[in-house]
2 protein chains.
Amino acid sequence: MSPKITTELLKQLRQVMKNPKYVQEPVQAYIVPSGDAHQSEYIAPCDCRRAFISGFDGSAGTAIVTEQHAAMWTDGRYFLQAAHQMDSNWTLMKMGLKDTPTQEDWLVSVLPEGSKVGVDPFIIPADQWKRMSKALRSAGHDLVPVKENLIDTIWTDCPQRPCKPLIMLDLSHTGVSWRDKIVALRSKMAERKVMWFVVTALDEVAWLFNLRGSDVEYNPVFFAYAVIGMNTIRLFIDGDRMMDPAVREHLQLDSTLEPEFKIQVMPYGSILSELQAVGAGLSPKEKVWLSDKASYAVTEAIPKAYRYLTPYTPICIAKAVKNAAETEGMRRAHIKDAVALCELFNWLEKEVPKGTVTEIIAADKAEEFRSQQKDFVELSFATISSTGPNGAIIHYKPVPETNRTLSVNEIYLLDSGAQYKDGTTDVTRTMHFGTPSAYEKECFTYVLKGHIAVSAAVFPNGTKGHLLDSFARSALWDCGLDYLHGTGHGVGSFLNVHEGPCGISYKTFADEPLEAGMIVSDEPGYYEDGSFGIRIENVVLVIPAETKYNFKNRGSLTFEPLTLVPIQTKMIDVNLLTEKECIWVNEYHQKCREVVGAELERQGRHEALQWLLRETEPLARVQ
Amino acid sequence: MSPKITTELLKQLRQVMKNPKYVQEPVQAYIVPSGDAHQSEYIAPCDCRRAFISGFDGSAGTAIVTEQHAAMWTDGRYFLQAAHQMDSNWTLMKMGLKDTPTQEDWLVSVLPEGSKVGVDPFIIPADQWKRMSKALRSAGHDLVPVKENLIDTIWTDCPQRPCKPLIMLDLSHTGVSWRDKIVALRSKMAERKVMWFVVTALDEVAWLFNLRGSDVEYNPVFFAYAVIGMNTIRLFIDGDRMMDPAVREHLQLDSTLEPEFKIQVMPYGSILSELQAVGAGLSPKEKVWLSDKASYAVTEAIPKAYRYLTPYTPICIAKAVKNAAETEGMRRAHIKDAVALCELFNWLEKEVPKGTVTEIIAADKAEEFRSQQKDFVELSFATISSTGPNGAIIHYKPVPETNRTLSVNEIYLLDSGAQYKDGTTDVTRTMHFGTPSAYEKECFTYVLKGHIAVSAAVFPNGTKGHLLDSFARSALWDCGLDYLHGTGHGVGSFLNVHEGPCGISYKTFADEPLEAGMIVSDEPGYYEDGSFGIRIENVVLVIPAETKYNFKNRGSLTFEPLTLVPIQTKMIDVNLLTEKECIWVNEYHQKCREVVGAELERQGRHEALQWLLRETEPLARVQ
């Protein structure tokens, strides 16, 4: 992978930063965050402005360009990738390391006195704007909104914003109708005494209306906003998608409904003016509920005195707790996903020794097997198919320049998942198709111990996920090892593969407590730069735990793995496992056999079934 | 313990809340925090205003009195105690429980429109003021500073502010002279480009000047502020303490020093006017460094544009990392402390069966044994001597009304510590002088497993203590048990027994990373209301750990117990321990034998030595 040459682009950007056609006054720095107007993690090609200007296309990163410098902030998952993709115009700022300055501190250190720092107000979340603006102001600088996106002005071949057809989900998938979701939302609004709720996150709009889209690759969402009043529903969406009779029927657009359930459809681009009209019409005490991560532009449309900002919206919290229909859908999706992976690994076991399987071929084969499953829609993220040293690039995606051939001498790491109409999957397995070294097995076993420590953890109701993060690291820490990413993220139900408000990471503190019905990933790892990467990831469901005692009647929780794919026992150094850990592995594999075995049988996939049975032989502890 | 009757006091307070003699406009609510003007945790009797108005005298709590209500916020350590000490005028707000409103939310829910909420600006930290003020303002209320403390106006027999002689510490105790500490501080100031540093915390003033006092019980501090410029040192302190020739010599007040080390001594009460003068004389870019926990009054004395606020001051951080002289002092102090406790437990073992030892007698006896040790100064906190159900009151202090007799049928919990001139101790042991039940042993063993999990934890450099908190709970959680307090706090070196910026608690996030040389407590517990309390506490030193590997060359840390007091093996259910845990207990006891045994021998305390030898017999694991 050769870096993108950005000298000319940066020159152009620095010119428009001074061009009165675009900026009222010249800006001495311009911030390019990675999000879109909805603060999405995964974004449409037209929104990949940070990748366009820098070459770095990981899922998280913020670029800042000044007259003299260009710097990129990203986290441990992307240190190697960013270093590979960016040319020498760019300085990589490794977030999470002690000596890395914050964006604000860095700006203050490099800017001339009294500088203006520009940013697109639609792309920067209001909370970030506030923090950044305050820090800059206290150092004598100003953060200013630049209406026209400056990257777009130099991006001559920028793709169009997508506008694809919608998918409707019925009650058997969602468990709750959109009307009932609106009723529940309004009752939360009434509790907080707010009159309006602005839905800005794409997955929240999709969830609320039981609709899905495909405007953004991997995330079944569509570009839209919604504004919910106590008696009105406005949906801001473009294109002729609302002409589809099935959509009209689903949203009951042509029915004679009670007025409070009548959806007014408006153009996507009219959100600001409509919000400003809402803001202007408010009487004292009428508040408008917004996420504090909504864009600065949307937030500013409502006068400050009328804003009610929270880190997590009521939709975000309701969406995280899956109901019975969603949970059952997720189970089905994970069984199908396991079938596809049993096929894949069986195939790889035969093909890898021939030396003809590359990372890209393996990823494509995984997609092929998944696409054979019922209700498959698309992948849920770009498959991380990595062998040997590529495995150490945490969010690696094989491209022709880096594409490596799988062999019996290297560890292979596959982190992949899919969107099925009944659920979203995300699973990582680390395999060796030859004979792993003692050191590779040792590291794998520490990672496995961490995976089990989280998966089998019992904890009181009300516990936040970040309190479980250290459990995943303890075995690695004991030997002086660690990994530079969080342990888990929330997973949507046929929605975004990363969703809030829960997760398992030392980096967060404001996560919401885990509740029965929430779904997160459990994915510790270990990465040795230049050699190999190991990660073991299951998607797990939070369930009530039976405990011997029940302190303060709080009740306890634990996890049930939804992912049911064998963990390669060849990679395990059984002597490093405790008896309990051995039992955990054997019980897990027993469940894989029963549940996935039955489905393989049903689908007539006999060879993959034989592979599953071989791979799930119980561990025997040698002592 | 009968509650304090507060009806009349609350009536008086509500009157002065409307009295134009004290308030410009009537206040509809008045906040009584627990701190003093230095945001101390332990306070002088004249500062115990919250206890005076409510009766609740725990170390943490905030009272708010409105025209209709009186409410008290406190944390899990004090739920029982506060409920016992307060009459029915008061509503107890249990912090940390899901349904407990924050002070701001509660105020908003009870106040009439457009209310004024009063508070003494010297008592409320600036960061709390800001948060509270913002929340109130957004609900249409105002937080207002009330210059005269309203509690003082109704507290007719309020004691005088103490002003006791100072203790000087030489280099053998501090390792660094006050001049060198000033030099190091100024270099930190230069790094951050600040011209002034305001020392507001009492332990920071004491540490900086290598002085100690006894103005506040248990904490060897004295009432003072300091303002350090790049070329000036101002010490604000009252009384004739500065007349003491030894103090004058220590501070070199009469020497011909370089001007930048010349200390100007000023009256304690002149801090505000002097700070305002400093503030008025600042030229642009000259910043003043303050803790964001400094009082609102002190913070407001510096114009906002000139303030540089941080959660932890450079003194707080420097003070936390103990140097060799301090560490050796702490070791000596803990050995002496262990000698005293061996004597005590040996004595209790003989006396308890006679039925004549009460909680108060046991606490006094502990103090007596400690006071026999060299360089003993005073206790480091009020001894928690509690038996049976009193043990479940987490920060219990025996008083005549609650004083219970120790017996062979109940668990006895002793949490105690002392100030020695060479160090501060804090140790909890839970003992049974008869035959513990299987359930008591089970709970004790889970607590012990948690204690060991933290003490033996290995973790990378840069890890914050809060990430270790769950290790202490895991064994309890597995059985549905837990405890409602943090696991550890920083400990001063002949200074406050609780100090920042490090600790081990799920409640904090902004703690500074643990570093070799820091000292914290490790004190998980389990409390069964109405039955018993269990806690096992050692003070531990952060030390470098040797590990098999060394990821990213970060290096690893672990803990070394400074506390060397036997953990009662009679209370341990050995079958619940892993082999590693058994070895930990045996090695710990071996070290107690060697180190404390030698000192008992040296002091000729033969009976206590025999007790120590009996209590440190190795565990034999039965399986």
# chains A, B, ... in the order shown; residues from 1 in each chain; ligands from 1
>>> interface_residues(of="chain A", to="chain B", cutoff="7 Å", atoms="only C-alpha atoms", output="list of chain:residue names")
A:Ser138, A:Ala305, A:Val458, A:Phe459, A:Pro460, A:Leu467, A:Leu468, A:Ser470, A:Trp477, A:Asp478, A:Cys479, A:Gly480, A:Leu481, A:Asp482, A:Phe509, A:Thr547, A:Lys548, A:Tyr549, A:Asn550, A:Phe551, A:Ser556
>>> write_last_selection(atoms="N, CA and C atoms", output="PDB file, in the first residue's frame")
ATOM      1  N   SER A 138      -9.921  30.281  24.888  1.00  0.00           N
ATOM      2  CA  SER A 138      -9.116  30.619  26.066  1.00  0.00           C
ATOM      3  C   SER A 138      -7.655  30.844  25.674  1.00  0.00           C
ATOM      4  N   ALA A 305     -31.622  28.368  25.055  1.00  0.00           N
ATOM      5  CA  ALA A 305     -32.477  28.242  26.234  1.00  0.00           C
ATOM      6  C   ALA A 305     -33.502  27.115  26.075  1.00  0.00           C
ATOM      7  N   VAL A 458     -19.870 -12.580  35.978  1.00  0.00           N
ATOM      8  CA  VAL A 458     -21.152 -12.331  36.627  1.00  0.00           C
ATOM      9  C   VAL A 458     -21.001 -10.985  37.318  1.00  0.00           C
ATOM     10  N   PHE A 459     -22.003 -10.118  37.164  1.00  0.00           N
ATOM     11  CA  PHE A 459     -21.863  -8.758  37.695  1.00  0.00           C
ATOM     12  C   PHE A 459     -23.244  -8.225  38.043  1.00  0.00           C
ATOM     13  N   PRO A 460     -23.299  -7.274  38.980  1.00  0.00           N
ATOM     14  CA  PRO A 460     -24.621  -6.818  39.417  1.00  0.00           C
ATOM     15  C   PRO A 460     -25.333  -5.991  38.351  1.00  0.00           C
ATOM     16  N   LEU A 467     -16.460  -1.382  33.285  1.00  0.00           N
ATOM     17  CA  LEU A 467     -15.895  -2.012  34.485  1.00  0.00           C
ATOM     18  C   LEU A 467     -15.464  -3.451  34.225  1.00  0.00           C
ATOM     19  N   LEU A 468     -15.836  -4.006  33.071  1.00  0.00           N
ATOM     20  CA  LEU A 468     -15.457  -5.381  32.755  1.00  0.00           C
ATOM     21  C   LEU A 468     -14.213  -5.446  31.866  1.00  0.00           C
ATOM     22  N   SER A 470     -11.061  -4.670  32.173  1.00  0.00           N
ATOM     23  CA  SER A 470      -9.792  -5.205  32.702  1.00  0.00           C
ATOM     24  C   SER A 470      -9.807  -6.727  32.817  1.00  0.00           C
ATOM     25  N   TRP A 477      -1.851  -8.982  30.844  1.00  0.00           N
ATOM     26  CA  TRP A 477      -1.083  -8.095  31.723  1.00  0.00           C
ATOM     27  C   TRP A 477      -0.090  -8.890  32.585  1.00  0.00           C
ATOM     28  N   ASP A 478      -0.541 -10.030  33.071  1.00  0.00           N
ATOM     29  CA  ASP A 478       0.324 -10.838  33.931  1.00  0.00           C
ATOM     30  C   ASP A 478       1.659 -11.140  33.262  1.00  0.00           C
ATOM     31  N   CYS A 479       1.640 -11.251  31.922  1.00  0.00           N
ATOM     32  CA  CYS A 479       2.868 -11.556  31.199  1.00  0.00           C
ATOM     33  C   CYS A 479       3.454 -10.339  30.522  1.00  0.00           C
ATOM     34  N   GLY A 480       2.947  -9.155  30.851  1.00  0.00           N
ATOM     35  CA  GLY A 480       3.500  -7.940  30.263  1.00  0.00           C
ATOM     36  C   GLY A 480       2.926  -7.626  28.891  1.00  0.00           C
ATOM     37  N   LEU A 481       1.810  -8.275  28.510  1.00  0.00           N
ATOM     38  CA  LEU A 481       1.211  -8.030  27.196  1.00  0.00           C
ATOM     39  C   LEU A 481      -0.089  -7.230  27.329  1.00  0.00           C
ATOM     40  N   ASP A 482      -0.600  -6.739  26.211  1.00  0.00           N
ATOM     41  CA  ASP A 482      -1.817  -5.916  26.219  1.00  0.00           C
ATOM     42  C   ASP A 482      -2.271  -5.731  24.777  1.00  0.00           C
ATOM     43  N   PHE A 509     -16.566   6.117  29.969  1.00  0.00           N
ATOM     44  CA  PHE A 509     -16.949   6.166  31.369  1.00  0.00           C
ATOM     45  C   PHE A 509     -18.449   6.444  31.408  1.00  0.00           C
ATOM     46  N   THR A 547     -27.430 -16.513  40.863  1.00  0.00           N
ATOM     47  CA  THR A 547     -26.301 -16.511  41.795  1.00  0.00           C
ATOM     48  C   THR A 547     -26.737 -17.120  43.120  1.00  0.00           C
ATOM     49  N   LYS A 548     -25.754 -17.535  43.907  1.00  0.00           N
ATOM     50  CA  LYS A 548     -26.023 -18.172  45.199  1.00  0.00           C
ATOM     51  C   LYS A 548     -26.719 -17.199  46.146  1.00  0.00           C
ATOM     52  N   TYR A 549     -26.256 -15.938  46.155  1.00  0.00           N
ATOM     53  CA  TYR A 549     -26.864 -14.898  46.995  1.00  0.00           C
ATOM     54  C   TYR A 549     -27.342 -13.766  46.100  1.00  0.00           C
ATOM     55  N   ASN A 550     -28.023 -12.786  46.707  1.00  0.00           N
ATOM     56  CA  ASN A 550     -28.560 -11.682  45.920  1.00  0.00           C
ATOM     57  C   ASN A 550     -28.505 -10.398  46.735  1.00  0.00           C
ATOM     58  N   PHE A 551     -27.329  -9.786  46.779  1.00  0.00           N
ATOM     59  CA  PHE A 551     -27.047  -8.592  47.581  1.00  0.00           C
ATOM     60  C   PHE A 551     -28.009  -7.456  47.240  1.00  0.00           C
ATOM     61  N   SER A 556     -28.298 -10.178  39.285  1.00  0.00           N
ATOM     62  CA  SER A 556     -27.021 -10.230  38.582  1.00  0.00           C
ATOM     63  C   SER A 556     -27.225 -10.528  37.108  1.00  0.00           C
TER      64      SER A 556
END
>>> residues_around(residues="range 267-273 of chain A", least_positions_apart="3", cutoff="8 Å", atoms="only C-alpha atoms", output="list of chain:residue names")
A:Phe223, A:Ala224, A:Tyr225, A:Phe236, A:Ile237, A:Asp238, A:Gln276, A:Ala277, A:Ala297, A:Val298, A:Ala301
>>> write_last_selection(atoms="all heavy atoms", output="PDB file, in the first residue's frame")
ATOM      1  N   PHE A 223     -30.374   8.216   4.365  1.00  0.00           N
ATOM      2  CA  PHE A 223     -30.217   9.604   4.784  1.00  0.00           C
ATOM      3  C   PHE A 223     -31.569  10.224   5.106  1.00  0.00           C
ATOM      4  O   PHE A 223     -32.434  10.321   4.230  1.00  0.00           O
ATOM      5  CB  PHE A 223     -29.476  10.422   3.718  1.00  0.00           C
ATOM      6  CG  PHE A 223     -28.019  10.109   3.704  1.00  0.00           C
ATOM      7  CD1 PHE A 223     -27.468   9.287   2.734  1.00  0.00           C
ATOM      8  CD2 PHE A 223     -27.191  10.597   4.713  1.00  0.00           C
ATOM      9  CE1 PHE A 223     -26.122   8.971   2.750  1.00  0.00           C
ATOM     10  CE2 PHE A 223     -25.840  10.279   4.733  1.00  0.00           C
ATOM     11  CZ  PHE A 223     -25.307   9.463   3.754  1.00  0.00           C
ATOM     12  N   ALA A 224     -31.735  10.607   6.345  1.00  0.00           N
ATOM     13  CA  ALA A 224     -33.006  11.183   6.789  1.00  0.00           C
ATOM     14  C   ALA A 224     -32.815  11.806   8.159  1.00  0.00           C
ATOM     15  O   ALA A 224     -31.885  11.469   8.888  1.00  0.00           O
ATOM     16  CB  ALA A 224     -34.088  10.094   6.858  1.00  0.00           C
ATOM     17  N   TYR A 225     -33.669  12.726   8.487  1.00  0.00           N
ATOM     18  CA  TYR A 225     -33.832  13.231   9.853  1.00  0.00           C
ATOM     19  C   TYR A 225     -35.292  13.015  10.224  1.00  0.00           C
ATOM     20  O   TYR A 225     -36.145  12.827   9.351  1.00  0.00           O
ATOM     21  CB  TYR A 225     -33.584  14.740   9.934  1.00  0.00           C
ATOM     22  CG  TYR A 225     -32.169  15.207   9.721  1.00  0.00           C
ATOM     23  CD1 TYR A 225     -31.750  15.658   8.470  1.00  0.00           C
ATOM     24  CD2 TYR A 225     -31.278  15.263  10.795  1.00  0.00           C
ATOM     25  CE1 TYR A 225     -30.459  16.129   8.274  1.00  0.00           C
ATOM     26  CE2 TYR A 225     -29.983  15.743  10.606  1.00  0.00           C
ATOM     27  CZ  TYR A 225     -29.581  16.177   9.348  1.00  0.00           C
ATOM     28  OH  TYR A 225     -28.312  16.655   9.168  1.00  0.00           O
ATOM     29  N   PHE A 236     -37.710  13.804   7.263  1.00  0.00           N
ATOM     30  CA  PHE A 236     -36.977  14.554   6.226  1.00  0.00           C
ATOM     31  C   PHE A 236     -36.186  13.560   5.390  1.00  0.00           C
ATOM     32  O   PHE A 236     -35.215  12.977   5.874  1.00  0.00           O
ATOM     33  CB  PHE A 236     -36.043  15.580   6.875  1.00  0.00           C
ATOM     34  CG  PHE A 236     -36.787  16.606   7.690  1.00  0.00           C
ATOM     35  CD1 PHE A 236     -37.222  16.303   8.975  1.00  0.00           C
ATOM     36  CD2 PHE A 236     -37.067  17.855   7.168  1.00  0.00           C
ATOM     37  CE1 PHE A 236     -37.925  17.239   9.722  1.00  0.00           C
ATOM     38  CE2 PHE A 236     -37.765  18.800   7.908  1.00  0.00           C
ATOM     39  CZ  PHE A 236     -38.203  18.496   9.189  1.00  0.00           C
ATOM     40  N   ILE A 237     -36.634  13.344   4.165  1.00  0.00           N
ATOM     41  CA  ILE A 237     -36.028  12.292   3.347  1.00  0.00           C
ATOM     42  C   ILE A 237     -36.172  12.652   1.877  1.00  0.00           C
ATOM     43  O   ILE A 237     -37.169  13.248   1.479  1.00  0.00           O
ATOM     44  CB  ILE A 237     -36.681  10.922   3.681  1.00  0.00           C
ATOM     45  CG1 ILE A 237     -35.977   9.784   2.953  1.00  0.00           C
ATOM     46  CG2 ILE A 237     -38.174  10.929   3.410  1.00  0.00           C
ATOM     47  CD1 ILE A 237     -36.350   8.412   3.491  1.00  0.00           C
ATOM     48  N   ASP A 238     -35.162  12.339   1.077  1.00  0.00           N
ATOM     49  CA  ASP A 238     -35.151  12.730  -0.334  1.00  0.00           C
ATOM     50  C   ASP A 238     -35.487  11.572  -1.264  1.00  0.00           C
ATOM     51  O   ASP A 238     -35.505  10.410  -0.843  1.00  0.00           O
ATOM     52  CB  ASP A 238     -33.767  13.264  -0.717  1.00  0.00           C
ATOM     53  CG  ASP A 238     -33.676  14.760  -0.465  1.00  0.00           C
ATOM     54  OD1 ASP A 238     -34.723  15.352  -0.136  1.00  0.00           O
ATOM     55  OD2 ASP A 238     -32.568  15.313  -0.568  1.00  0.00           O
ATOM     56  N   GLN A 276     -35.454  25.690  12.560  1.00  0.00           N
ATOM     57  CA  GLN A 276     -35.442  27.096  12.951  1.00  0.00           C
ATOM     58  C   GLN A 276     -36.869  27.595  13.167  1.00  0.00           C
ATOM     59  O   GLN A 276     -37.140  28.331  14.117  1.00  0.00           O
ATOM     60  CB  GLN A 276     -34.706  27.933  11.899  1.00  0.00           C
ATOM     61  CG  GLN A 276     -33.188  27.792  12.032  1.00  0.00           C
ATOM     62  CD  GLN A 276     -32.424  28.115  10.756  1.00  0.00           C
ATOM     63  OE1 GLN A 276     -33.028  28.258   9.677  1.00  0.00           O
ATOM     64  NE2 GLN A 276     -31.093  28.197  10.853  1.00  0.00           N
ATOM     65  N   ALA A 277     -37.797  27.120  12.325  1.00  0.00           N
ATOM     66  CA  ALA A 277     -39.195  27.504  12.497  1.00  0.00           C
ATOM     67  C   ALA A 277     -39.748  26.938  13.822  1.00  0.00           C
ATOM     68  O   ALA A 277     -40.442  27.631  14.571  1.00  0.00           O
ATOM     69  CB  ALA A 277     -40.028  27.000  11.322  1.00  0.00           C
ATOM     70  N   ALA A 297     -24.566  22.520  13.562  1.00  0.00           N
ATOM     71  CA  ALA A 297     -25.544  23.231  12.746  1.00  0.00           C
ATOM     72  C   ALA A 297     -26.968  22.972  13.238  1.00  0.00           C
ATOM     73  O   ALA A 297     -27.746  23.904  13.455  1.00  0.00           O
ATOM     74  CB  ALA A 297     -25.396  22.814  11.278  1.00  0.00           C
ATOM     75  N   VAL A 298     -27.307  21.690  13.424  1.00  0.00           N
ATOM     76  CA  VAL A 298     -28.658  21.341  13.867  1.00  0.00           C
ATOM     77  C   VAL A 298     -28.910  21.885  15.273  1.00  0.00           C
ATOM     78  O   VAL A 298     -29.980  22.426  15.573  1.00  0.00           O
ATOM     79  CB  VAL A 298     -28.840  19.801  13.824  1.00  0.00           C
ATOM     80  CG1 VAL A 298     -29.997  19.357  14.697  1.00  0.00           C
ATOM     81  CG2 VAL A 298     -29.029  19.336  12.388  1.00  0.00           C
ATOM     82  N   ALA A 301     -29.698  25.524  15.514  1.00  0.00           N
ATOM     83  CA  ALA A 301     -30.994  25.928  14.968  1.00  0.00           C
ATOM     84  C   ALA A 301     -32.012  26.154  16.081  1.00  0.00           C
ATOM     85  O   ALA A 301     -32.995  26.872  15.902  1.00  0.00           O
ATOM     86  CB  ALA A 301     -31.502  24.878  13.977  1.00  0.00           C
TER      87      ALA A 301
END
>>> select_by_dssp(residues="range 206-310 of chain B", states="helix (DSSP H, G or I)", output="PyMOL selection string")
chain B and resi 206-208+240-243+245-250+259-261+268-280+296-300+304-306
>>> residues_around(residues="Ile572 in chain A", least_positions_apart="3", cutoff="10 Å", atoms="only C-alpha atoms", output="ChimeraX atom specification")
/A:436,438,440-448,567-569,575-577,619
>>> residues_around(residues="range 343-356 of chain B", least_positions_apart="5", cutoff="9 Å", atoms="only C-alpha atoms", output="PyMOL selection string")
chain B and resi 338+361-362+365-366+369+405-408+431+433-434+605+607-612
>>> atom_distance(atom1="CA of Lys580 in chain A", atom2="CA of Glu579 in chain B")
13.9 Å
>>> atom_distance(atom1="CA of Ile543 in chain B", atom2="CA of Ala516 in chain B")
4.7 Å
>>> residues_around(residues="range 242-259 of chain B", least_positions_apart="5", cutoff="10 Å", atoms="only C-alpha atoms", output="PyMOL selection string")
chain B and resi 165-170+177-179+209-211+231-233+237+264-265
>>> write_last_selection(atoms="N, CA, C and O atoms", output="mmCIF file, in the first residue's frame")
data_model
loop_
_atom_site.group_PDB
_atom_site.id
_atom_site.type_symbol
_atom_site.label_atom_id
_atom_site.label_comp_id
_atom_site.auth_asym_id
_atom_site.auth_seq_id
_atom_site.Cartn_x
_atom_site.Cartn_y
_atom_site.Cartn_z
ATOM 1 N N PRO B 165 0.813 24.915 67.233
ATOM 2 C CA PRO B 165 2.221 24.992 66.824
ATOM 3 C C PRO B 165 2.536 24.062 65.649
ATOM 4 O O PRO B 165 1.841 23.068 65.429
ATOM 5 N N LEU B 166 3.596 24.385 64.949
ATOM 6 C CA LEU B 166 3.991 23.614 63.770
ATOM 7 C C LEU B 166 5.083 22.594 64.099
ATOM 8 O O LEU B 166 5.829 22.749 65.059
ATOM 9 N N ILE B 167 5.156 21.551 63.280
ATOM 10 C CA ILE B 167 6.207 20.535 63.370
ATOM 11 C C ILE B 167 7.082 20.682 62.120
ATOM 12 O O ILE B 167 6.548 20.809 61.011
ATOM 13 N N MET B 168 8.387 20.672 62.294
ATOM 14 C CA MET B 168 9.281 20.774 61.139
ATOM 15 C C MET B 168 9.793 19.386 60.773
ATOM 16 O O MET B 168 10.157 18.608 61.655
ATOM 17 N N LEU B 169 9.834 19.091 59.487
ATOM 18 C CA LEU B 169 10.391 17.806 59.044
ATOM 19 C C LEU B 169 11.733 18.041 58.367
ATOM 20 O O LEU B 169 11.854 18.937 57.525
ATOM 21 N N ASP B 170 12.719 17.231 58.750
ATOM 22 C CA ASP B 170 14.031 17.404 58.124
ATOM 23 C C ASP B 170 14.169 16.499 56.896
ATOM 24 O O ASP B 170 13.285 15.686 56.589
ATOM 25 N N SER B 177 14.279 19.178 50.143
ATOM 26 C CA SER B 177 14.088 20.416 50.910
ATOM 27 C C SER B 177 12.947 21.233 50.321
ATOM 28 O O SER B 177 12.576 21.048 49.159
ATOM 29 N N TRP B 178 12.369 22.140 51.137
ATOM 30 C CA TRP B 178 11.266 22.950 50.583
ATOM 31 C C TRP B 178 11.758 23.820 49.441
ATOM 32 O O TRP B 178 11.025 24.078 48.494
ATOM 33 N N ARG B 179 13.030 24.252 49.494
ATOM 34 C CA ARG B 179 13.580 25.058 48.402
ATOM 35 C C ARG B 179 13.574 24.261 47.092
ATOM 36 O O ARG B 179 13.168 24.776 46.043
ATOM 37 N N PHE B 209 6.183 23.012 52.207
ATOM 38 C CA PHE B 209 7.132 23.654 53.125
ATOM 39 C C PHE B 209 7.749 22.674 54.119
ATOM 40 O O PHE B 209 8.443 23.092 55.049
ATOM 41 N N ASN B 210 7.495 21.386 53.947
ATOM 42 C CA ASN B 210 8.015 20.373 54.883
ATOM 43 C C ASN B 210 7.630 20.701 56.324
ATOM 44 O O ASN B 210 8.431 20.533 57.249
ATOM 45 N N LEU B 211 6.418 21.189 56.482
ATOM 46 C CA LEU B 211 5.887 21.503 57.807
ATOM 47 C C LEU B 211 4.666 20.638 58.059
ATOM 48 O O LEU B 211 3.990 20.192 57.129
ATOM 49 N N ASN B 231 9.163 34.535 41.283
ATOM 50 C CA ASN B 231 10.214 35.167 42.086
ATOM 51 C C ASN B 231 9.768 35.458 43.514
ATOM 52 O O ASN B 231 10.501 36.089 44.259
ATOM 53 N N THR B 232 8.565 35.066 43.855
ATOM 54 C CA THR B 232 8.059 35.389 45.196
ATOM 55 C C THR B 232 7.390 34.167 45.805
ATOM 56 O O THR B 232 6.936 33.268 45.094
ATOM 57 N N ILE B 233 7.376 34.158 47.140
ATOM 58 C CA ILE B 233 6.683 33.103 47.882
ATOM 59 C C ILE B 233 5.887 33.803 48.975
ATOM 60 O O ILE B 233 6.461 34.495 49.815
ATOM 61 N N ILE B 237 -0.765 32.725 56.885
ATOM 62 C CA ILE B 237 -0.899 31.881 58.071
ATOM 63 C C ILE B 237 -1.054 32.780 59.297
ATOM 64 O O ILE B 237 -0.468 33.856 59.356
ATOM 65 N N GLN B 264 7.410 35.634 52.170
ATOM 66 C CA GLN B 264 6.662 36.709 52.819
ATOM 67 C C GLN B 264 5.511 36.083 53.597
ATOM 68 O O GLN B 264 4.678 35.402 53.007
ATOM 69 N N VAL B 265 5.482 36.321 54.897
ATOM 70 C CA VAL B 265 4.406 35.772 55.728
ATOM 71 C C VAL B 265 3.290 36.804 55.848
ATOM 72 O O VAL B 265 3.546 37.974 56.142
#
>>> closest_residue(among="A:Gly35, A:Gly417, A:Gly279, A:Pro400", to="Ser521 in chain A", atoms="only C-alpha atoms")
A:Gly417
>>> residues_around(residues="Asp157 in chain B", least_positions_apart="5", cutoff="12 Å", atoms="only C-alpha atoms", output="PyMOL selection string")
chain B and resi 45-46+49+52+151-152
>>> write_last_selection(atoms="N, CA, C and O atoms", output="compact mmCIF listing (two decimals), in the first residue's frame")
# COMPACT_ATOMS: atom_id res chain seq x y z
N PRO B 45 -13.50 21.38 64.14
CA PRO B 45 -14.85 21.48 64.71
C PRO B 45 -15.61 22.73 64.26
O PRO B 45 -16.81 22.66 64.01
N CYS B 46 -14.89 23.84 64.10
CA CYS B 46 -15.57 25.07 63.69
C CYS B 46 -16.13 24.98 62.28
O CYS B 46 -16.96 25.79 61.89
N ARG B 49 -20.18 22.34 59.90
CA ARG B 49 -21.48 23.00 59.81
C ARG B 49 -22.58 22.05 59.37
O ARG B 49 -23.71 22.13 59.82
N PHE B 52 -23.56 20.09 62.28
CA PHE B 52 -24.31 20.92 63.23
C PHE B 52 -25.78 21.03 62.82
O PHE B 52 -26.68 20.87 63.63
N ILE B 151 -24.98 29.21 58.46
CA ILE B 151 -24.95 28.30 59.61
C ILE B 151 -24.26 29.00 60.78
O ILE B 151 -24.74 28.97 61.93
N ASP B 152 -23.15 29.68 60.50
CA ASP B 152 -22.42 30.38 61.56
C ASP B 152 -23.31 31.39 62.28
O ASP B 152 -23.16 31.62 63.48
